[in-house]
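Down below is the structure, laid out as structure tokens.
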Amino acid sequence: MRQNLQGGSTRLESEQRALNTNTLAPIVAQIPAGTAAARLTGNINSLTKPEAVQAVTRLSPEEERRLGFLEKALQDLQANNPDKLIAQLNIRASRVRALGEHLSRVESALSDVEVAAVFDARKEGRRKSEEAKRLREVTFPQSLLSGTGGEQWKAMWESSRVFSEQQAYPGKVFPVTEDGSKCVLCQQDLDHAAVHRLRQFEEFITSTTERELRQLREDFVRRRNAFASLKTTTEAVGETIKELRLEHDSKAEIINTAIAQNEKRRATVAAVLTEDKDLDEDCPPLALASIT
């Protein structure tokens with residue numbers, strides 16, 4: 001038993017001495033410092049498991065892609081085809097520039113200035129709507145039908161304008177109130193009271209308050225739709241980031257993270273506007289990842 005133990009100890013000591021010789025020195029010298037392989041060879045001993053060695057020799061999918069890219073680049077250089085290489089580099093540069101422009105557009109569209117502007121437009125529209133409501137109450141007597149001057153009534157009035165200008169009285173300014181003209185709605189002759197009322201209606205529609213209200217609503221709808229339709233990423237953007245990851249993995253990860261956060265910001269603002277609510281303080285902040 002003692003002889004067996006002594007024999008095993010002798011073999012271990014022999015293996016340890018072999019590992020401590022310069023046999024591995026030429027190989028170790030080629031391994032970059034700080035890598036998993038360097039750490040393994042620096043601590044290798046007779047107890048090191050083969051699985052541990054095999055683990056550091058396997059390439060990850062990302063490393064496989066990078067290796068393929070480098071091998072392809074090396075083949076192009078060895079083929080002595082500089083024109084082809086230049087063309088490929090120009091294409092890659094164009095894609096990176098397009099990515100940078102896309103990121104800048106998204107960041108501009110989701111900036112604090114743009115977010116504040118859309119909510120300011122909604123607020124101003126509400127204020128102007130109240131002003132228009134007070135104007136209607138002053139302009140139209142109580143004897144008129146309920147809703148006169150409201151949104152549905154204005155839609156009817158504008159439809160009457162189209163019918164008058166395109167069918168009934170082409171070339172004449174709406175409402176046509178000259179002698180012998182008829183109301184385009186009831187198609188009855190216009191008396192003095194009817195003429196006065198039609199003119200009063202048109203003055204209301206073309207008033208400064210109503211004109212400003214329409215402009216504010218159009219501005220708000222345009223800004224709201226900009227958030228709803230904004231594309232924070234595209235298929236081309238995704239492909240370019242994959243290419244960028246081959247040489248600049250950390251930068252690509254920063255861009256991916258920023259895109260994801262900005263999409264959350266866009267979706268939050270769009271949802272709040274659709275639901276006609278106020279924006280909470282926990283709205284995701286703008287993430288900056290423009291390529292410089």
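Letters A, B, ... go to the chains of the structure tokens in the order shown; residues in each chain start at 1; ligands are counted from 1 in the same order.
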- alpha helix (DSSP H) residues, from DSSP on the backbone, in segment 26-261 of chain A, as a ChimeraX atom specification: /A:26-29,36-42,50-57,61-78,82-109,112-139,151-163,192-205,208-229,235-247,249-261
Write out as a tab-separated table the residues of segment 186-234 of chain A that have any atom within 8 Å of an atom of segment 96-108 of chain A, one row each with the nearest atom pair and its distance in Å to one decimal, counting only C-alpha atoms, sorted by chain and then rising number.
```
residue	atom	partner	partner_atom	distance
A:Leu230	CA	A:Val106	CA	7.7
A:Lys231	CA	A:Val106	CA	7.9
A:Thr232	CA	A:Val106	CA	6.1
```
- Message: Using only C-alpha atoms, which protein or nucleic acid residues come within 10 Å of segment 146-160 of chain A? Drop anything in the same chain fewer than 6 positions from it, and give the result as a VMD selection string.
- Response: chain A and resid 132 to 133 135 to 137 139 to 140 166 168 174 to 175 183 to 185 201 to 202 204 to 205
- Message: Could you list, as a ChimeraX atom specification, every residue within 10 Å of Arg224 of chain A, counting only C-alpha atoms and ignoring same-chain residues fewer than 3 positions away?
- Response: /A:115,118-119,121-122,218-221,227-229,269-271,273-274
Write the residues of the selection above to a file with C-alpha atoms, as a short mmCIF file (atom, residue, chain, number, x, y, z; two decimals), in the first residue's frame.
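Generated output (selection-v9.cif):
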```cif
data_model
loop_
_atom_site.label_atom_id
_atom_site.label_comp_id
_atom_site.auth_asym_id
_atom_site.auth_seq_id
_atom_site.Cartn_x
_atom_site.Cartn_y
_atom_site.Cartn_z
CA VAL A 115 -42.55 65.96 -26.27
CA VAL A 118 -47.12 68.15 -28.50
CA PHE A 119 -48.56 68.54 -25.01
CA ALA A 121 -50.32 72.10 -28.59
CA ARG A 122 -52.99 70.00 -26.91
CA GLU A 218 -54.17 70.41 -37.15
CA ASP A 219 -50.83 71.08 -35.48
CA PHE A 220 -51.69 68.80 -32.57
CA VAL A 221 -52.86 65.98 -34.84
CA PHE A 227 -45.14 59.90 -32.33
CA ALA A 228 -47.58 57.19 -33.36
CA SER A 229 -45.90 56.49 -36.71
CA VAL A 269 -46.01 59.23 -25.20
CA ALA A 270 -48.19 57.89 -28.02
CA ALA A 271 -50.41 55.96 -25.59
CA LEU A 273 -51.85 61.16 -26.21
CA THR A 274 -54.30 58.57 -27.56
#
```
- Message: Can you measure atom CA of Arg126 of chain A to atom CA of Arg217 of chain A for me? One decimal in Å is fine.
- Response: 9.1 Å
- Message: I'd like the contact shell of Glu51 of chain A - 12 Å cut-off, only C-alpha atoms, skipping same-chain residues fewer than 6 positions apart - returned as an MDAnalysis selection string.
- Response: chainID A and resid 40 57:58
- Message: What's the separation between atom CA of Arg39 of chain A and atom CA of Ala252 of chain A, in Å to one decimal place?
- Response: 27.4 Å
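Of the residues under consideration (A:Glu243, A:Arg199, A:Glu281, A:Ser143), A:Glu243 shows the shortest atom-to-atom contact distance to Leu70 of chain A when counting only C-alpha atoms.
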- Task: Please provide the set of residues having any atom within 9 Å of Ala236 of chain A, restricted to only C-alpha atoms, with same-chain residues fewer than 3 positions apart removed, written as an MDAnalysis selection string.
- Result: chainID A and resid 95 99 233 239:241
